[in-house]
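Notes follow the structure.
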Amino acid sequence: MVKRVTKTERERVQKILDLLDEHYTREYKCYLNYETPWQLLIAVILSAQCTDARVNIVTKDLFQKYHTVEAFANAEQKELENDIHSTGFYKNKAKNIILCAKRLIEVYGGEVPRTLEELTSLAGVGRKTANVIRGNIYNEPSIVVDTHVKRISRKLGFTKEEDPEKIEYDLMKVLPKEHWILYNIQIITHGRGLCTARNPKCEECFLRELCKEK
DNA sequence: CTCCCGATAT
DNA sequence: ATATCAGGAG
């Protein structure tokens, strides 16, 4: 189904974006700690079904131990599994990180590629991870659909889809391009503080009036 | 669709 | 005890 956006819908969207800008940061600063593009790539791979706080604890030691992409490419899988154990899914993540690092070196000269197609050709890198890299590293307008963006975008009536890729396309039509990267960061902040998955603090929410509710 | 999976809040 | 966390692959 093709989504159409009417003028009144656009005005409602703009009100929500204004309120988000008013209450949350306008910086393209993500919650995962990193120094280099490849460090962000690994941090995002580790972040699957894991809190960013946990990932930051793990990567602090991890990036002290493995200084380069080559170090990850040559890592012993069992040892890397142990190093990232607390993030969960550690066998898949360790295997993917090693394969990803090898391909970064063999195909992309050790650099993190820029296009969605190139990024998703890397092991452990799907659409969500690729879009984080495109937005945060290359400043390319991109929409990241994670668990918070999915839940809250549906509550706000921006989409009725379940599939993250379809949600991404709906949000592209609903949101002005200048807000694509920022939206994700602000919604995560909102999803962690007020619009939580379990007991959302609707009474305290500044979007209460504009929310389509459950 | 299922599996991968530990840590934390409720 | 259970839901949830910056998902991805087979």
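FYI, nothing fancy with the structure tokens labels: chains A, B, ... in order, residues from 1 per chain, ligands from 1 as they appear.
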> DG10 of chain C: which residues within 12 Å, counting only C-alpha atoms (C1' of nucleotides), same-chain residues fewer than 4 positions away excluded, as a list in words?
Replying inline: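 That gives DC1, DT2, DC3 and DC4 of chain B.
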Give me the residues of chain A that have any atom at most 7 Å from an atom of chain B; for each, the nearest atom pair and the distance in Å, rounded to one decimal. Use only C-alpha atoms (C1' of nucleotides), sort by chain and number, and format it as CSV.
residue,atom,partner,partner_atom,distance
A:Ser86,CA,B:DG6,C1',5.2
A:Thr87,CA,B:DG6,C1',5.9
A:Gly88,CA,B:DG6,C1',4.4
A:Phe89,CA,B:DC5,C1',4.7
A:Asn92,CA,B:DC4,C1',6.8
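The shell of residues at most 8 Å from segment 166-177 of chain A, with only C-alpha atoms (C1' of nucleotides) counted and near chain neighbours (fewer than 6 positions) removed, consists of Lys3, Arg4, Val5, Arg10, Val13, Pro141, Ile143, Val144, Val145, Lys150, Phe158, Thr159 and Lys160 of chain A.
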With 7 Å as the cut-off and only C-alpha atoms (C1' of nucleotides) counted, what is the closest atom pair between each nearby residue of chain A and chain C? Distances in Å to one decimal, ordered by chain and number, as a tab-separated table.
residue	atom	partner	partner_atom	distance
A:Ser47	CA	C:DA6	C1'	6.0
A:Ala48	CA	C:DG7	C1'	4.6
A:Gln49	CA	C:DC5	C1'	4.9
A:Cys50	CA	C:DC5	C1'	4.5
A:Thr51	CA	C:DC5	C1'	4.8
A:Asp52	CA	C:DA6	C1'	6.7
A:Gly124	CA	C:DG8	C1'	5.9
A:Gly126	CA	C:DG8	C1'	6.1
A:Asp146	CA	C:DA6	C1'	6.0
> What is the distance, in Å and to one decimal place, between atom CA of Tyr90 of chain A and atom CA of Pro37 of chain A?
Replying inline: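 Computing it gives 21.5 Å between the two atoms.
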>> Residues of segment 56-102 of chain A classed as alpha helix (DSSP H) by DSSP on the backbone are to be reported as a VMD selection string.
In response: chain A and resid 56 to 65 69 to 73 77 to 84 90 to 102
Store the residues picked out above in a file with N, CA, C and O atoms, as a CSV table (one decimal), in the first residue's frame.
chain,number,residue,atom,x,y,z
A,56,ASN,N,28.9,-0.2,25.5
A,56,ASN,CA,30.0,0.7,25.8
A,56,ASN,C,31.0,0.1,26.8
A,56,ASN,O,32.2,0.4,26.8
A,57,ILE,N,30.4,-0.7,27.8
A,57,ILE,CA,31.3,-1.3,28.8
A,57,ILE,C,32.2,-2.3,28.1
A,57,ILE,O,33.4,-2.3,28.3
A,58,VAL,N,31.7,-3.1,27.2
A,58,VAL,CA,32.4,-4.1,26.5
A,58,VAL,C,33.5,-3.5,25.5
A,58,VAL,O,34.6,-3.9,25.5
A,59,THR,N,33.0,-2.5,24.7
A,59,THR,CA,34.0,-1.9,23.7
A,59,THR,C,35.1,-1.1,24.4
A,59,THR,O,36.2,-1.0,23.8
A,60,LYS,N,34.9,-0.7,25.6
A,60,LYS,CA,36.0,0.1,26.2
A,60,LYS,C,37.2,-0.8,26.4
A,60,LYS,O,38.3,-0.4,26.0
A,61,ASP,N,37.0,-2.1,26.8
A,61,ASP,CA,38.1,-3.0,26.9
A,61,ASP,C,38.5,-3.6,25.6
A,61,ASP,O,39.7,-3.8,25.3
A,62,LEU,N,37.5,-3.8,24.7
A,62,LEU,CA,37.7,-4.5,23.4
A,62,LEU,C,38.6,-3.7,22.6
A,62,LEU,O,39.5,-4.2,21.9
A,63,PHE,N,38.4,-2.3,22.5
A,63,PHE,CA,39.2,-1.5,21.6
A,63,PHE,C,40.6,-1.2,22.2
A,63,PHE,O,41.4,-0.7,21.5
A,64,GLN,N,40.7,-1.5,23.5
A,64,GLN,CA,42.1,-1.4,24.1
A,64,GLN,C,42.9,-2.6,23.6
A,64,GLN,O,44.1,-2.6,23.4
A,65,LYS,N,42.2,-3.8,23.5
A,65,LYS,CA,42.8,-5.0,23.2
A,65,LYS,C,43.1,-5.2,21.7
A,65,LYS,O,44.1,-5.6,21.3
A,69,VAL,N,41.6,-3.0,12.5
A,69,VAL,CA,40.7,-3.9,11.8
A,69,VAL,C,41.4,-5.3,11.6
A,69,VAL,O,40.8,-6.3,11.8
A,70,GLU,N,42.7,-5.2,11.4
A,70,GLU,CA,43.5,-6.4,11.2
A,70,GLU,C,43.5,-7.2,12.4
A,70,GLU,O,43.4,-8.5,12.3
A,71,ALA,N,43.5,-6.6,13.6
A,71,ALA,CA,43.5,-7.4,14.8
A,71,ALA,C,42.2,-8.2,15.0
A,71,ALA,O,42.2,-9.3,15.4
A,72,PHE,N,41.1,-7.6,14.5
A,72,PHE,CA,39.8,-8.3,14.6
A,72,PHE,C,39.8,-9.4,13.5
A,72,PHE,O,39.3,-10.5,13.8
A,73,ALA,N,40.3,-9.1,12.3
A,73,ALA,CA,40.4,-10.1,11.3
A,73,ALA,C,41.2,-11.3,11.7
A,73,ALA,O,40.8,-12.4,11.3
A,77,GLN,N,38.4,-16.9,17.3
A,77,GLN,CA,37.0,-16.8,17.5
A,77,GLN,C,36.6,-17.0,18.9
A,77,GLN,O,35.8,-16.3,19.5
A,78,LYS,N,37.1,-18.1,19.5
A,78,LYS,CA,36.8,-18.4,20.9
A,78,LYS,C,37.1,-17.3,21.9
A,78,LYS,O,36.4,-17.0,22.8
A,79,GLU,N,38.3,-16.7,21.6
A,79,GLU,CA,38.8,-15.6,22.5
A,79,GLU,C,37.9,-14.4,22.3
A,79,GLU,O,37.5,-13.7,23.3
A,80,LEU,N,37.5,-14.1,21.1
A,80,LEU,CA,36.7,-12.9,20.8
A,80,LEU,C,35.3,-13.2,21.4
A,80,LEU,O,34.7,-12.3,22.0
A,81,GLU,N,34.8,-14.4,21.4
A,81,GLU,CA,33.5,-14.8,22.0
A,81,GLU,C,33.5,-14.4,23.5
A,81,GLU,O,32.6,-13.8,24.0
A,82,ASN,N,34.6,-14.7,24.1
A,82,ASN,CA,34.8,-14.5,25.5
A,82,ASN,C,34.8,-12.9,25.8
A,82,ASN,O,34.3,-12.5,26.7
A,83,ASP,N,35.5,-12.2,24.9
A,83,ASP,CA,35.7,-10.8,25.0
A,83,ASP,C,34.3,-10.0,24.9
A,83,ASP,O,34.2,-9.0,25.5
A,84,ILE,N,33.4,-10.6,24.1
A,84,ILE,CA,32.1,-9.9,23.9
A,84,ILE,C,30.9,-10.6,24.6
A,84,ILE,O,29.8,-10.2,24.3
A,90,TYR,N,26.8,-14.1,21.4
A,90,TYR,CA,28.2,-13.8,21.3
A,90,TYR,C,28.9,-14.7,20.2
A,90,TYR,O,29.8,-14.3,19.6
A,91,LYS,N,28.3,-15.9,20.0
A,91,LYS,CA,28.9,-16.7,18.9
A,91,LYS,C,28.7,-16.1,17.5
A,91,LYS,O,29.6,-16.0,16.7
A,92,ASN,N,27.5,-15.8,17.2
A,92,ASN,CA,27.2,-15.1,15.9
A,92,ASN,C,27.9,-13.8,15.8
A,92,ASN,O,28.5,-13.6,14.7
A,93,LYS,N,27.9,-13.0,16.8
A,93,LYS,CA,28.6,-11.7,16.8
A,93,LYS,C,30.1,-11.9,16.5
A,93,LYS,O,30.6,-11.1,15.7
A,94,ALA,N,30.7,-12.8,17.2
A,94,ALA,CA,32.2,-13.0,17.1
A,94,ALA,C,32.5,-13.4,15.7
A,94,ALA,O,33.4,-12.9,15.0
A,95,LYS,N,31.7,-14.4,15.2
A,95,LYS,CA,32.0,-14.9,13.9
A,95,LYS,C,31.8,-13.8,12.8
A,95,LYS,O,32.6,-13.7,11.9
A,96,ASN,N,30.7,-13.1,13.0
A,96,ASN,CA,30.4,-12.0,12.0
A,96,ASN,C,31.5,-10.9,12.1
A,96,ASN,O,31.8,-10.4,11.0
A,97,ILE,N,31.9,-10.5,13.3
A,97,ILE,CA,32.9,-9.5,13.4
A,97,ILE,C,34.2,-9.9,12.7
A,97,ILE,O,34.8,-9.1,11.9
A,98,ILE,N,34.6,-11.1,12.8
A,98,ILE,CA,35.8,-11.6,12.2
A,98,ILE,C,35.7,-11.6,10.6
A,98,ILE,O,36.5,-11.1,9.9
A,99,LEU,N,34.5,-12.1,10.2
A,99,LEU,CA,34.3,-12.2,8.7
A,99,LEU,C,34.2,-10.7,8.2
A,99,LEU,O,34.6,-10.5,7.1
A,100,CYS,N,33.5,-9.9,8.9
A,100,CYS,CA,33.3,-8.5,8.5
A,100,CYS,C,34.7,-7.8,8.4
A,100,CYS,O,34.9,-7.1,7.4
A,101,ALA,N,35.5,-8.0,9.4
A,101,ALA,CA,36.9,-7.4,9.4
A,101,ALA,C,37.7,-7.9,8.2
A,101,ALA,O,38.4,-7.1,7.5
A,102,LYS,N,37.6,-9.2,7.9
A,102,LYS,CA,38.3,-9.8,6.8
A,102,LYS,C,37.9,-9.1,5.5
A,102,LYS,O,38.7,-8.8,4.6
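Considering the residues A:Cys202, A:Ala75, A:Val44, A:Leu156 and counting only C-alpha atoms, Ile133 of chain A has its shortest atom-to-atom contact with A:Val44.
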> What separation in Å, quoted to one decimal, exists between atom CA of Val132 of chain A and atom CA of Ile185 of chain A?
Replying inline: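 So the two atoms, atom CA of Val132 of chain A and atom CA of Ile185 of chain A, lie 10.1 Å apart.
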>> What's around Asp21 of chain A at 10 Å? Count only C-alpha atoms (C1' of nucleotides), leave out sequence neighbours fewer than 5 positions away in its own chain, and write the answer as an MDAnalysis selection string.
In response: chainID A and resid 15:16 26:27 179 182:183 186
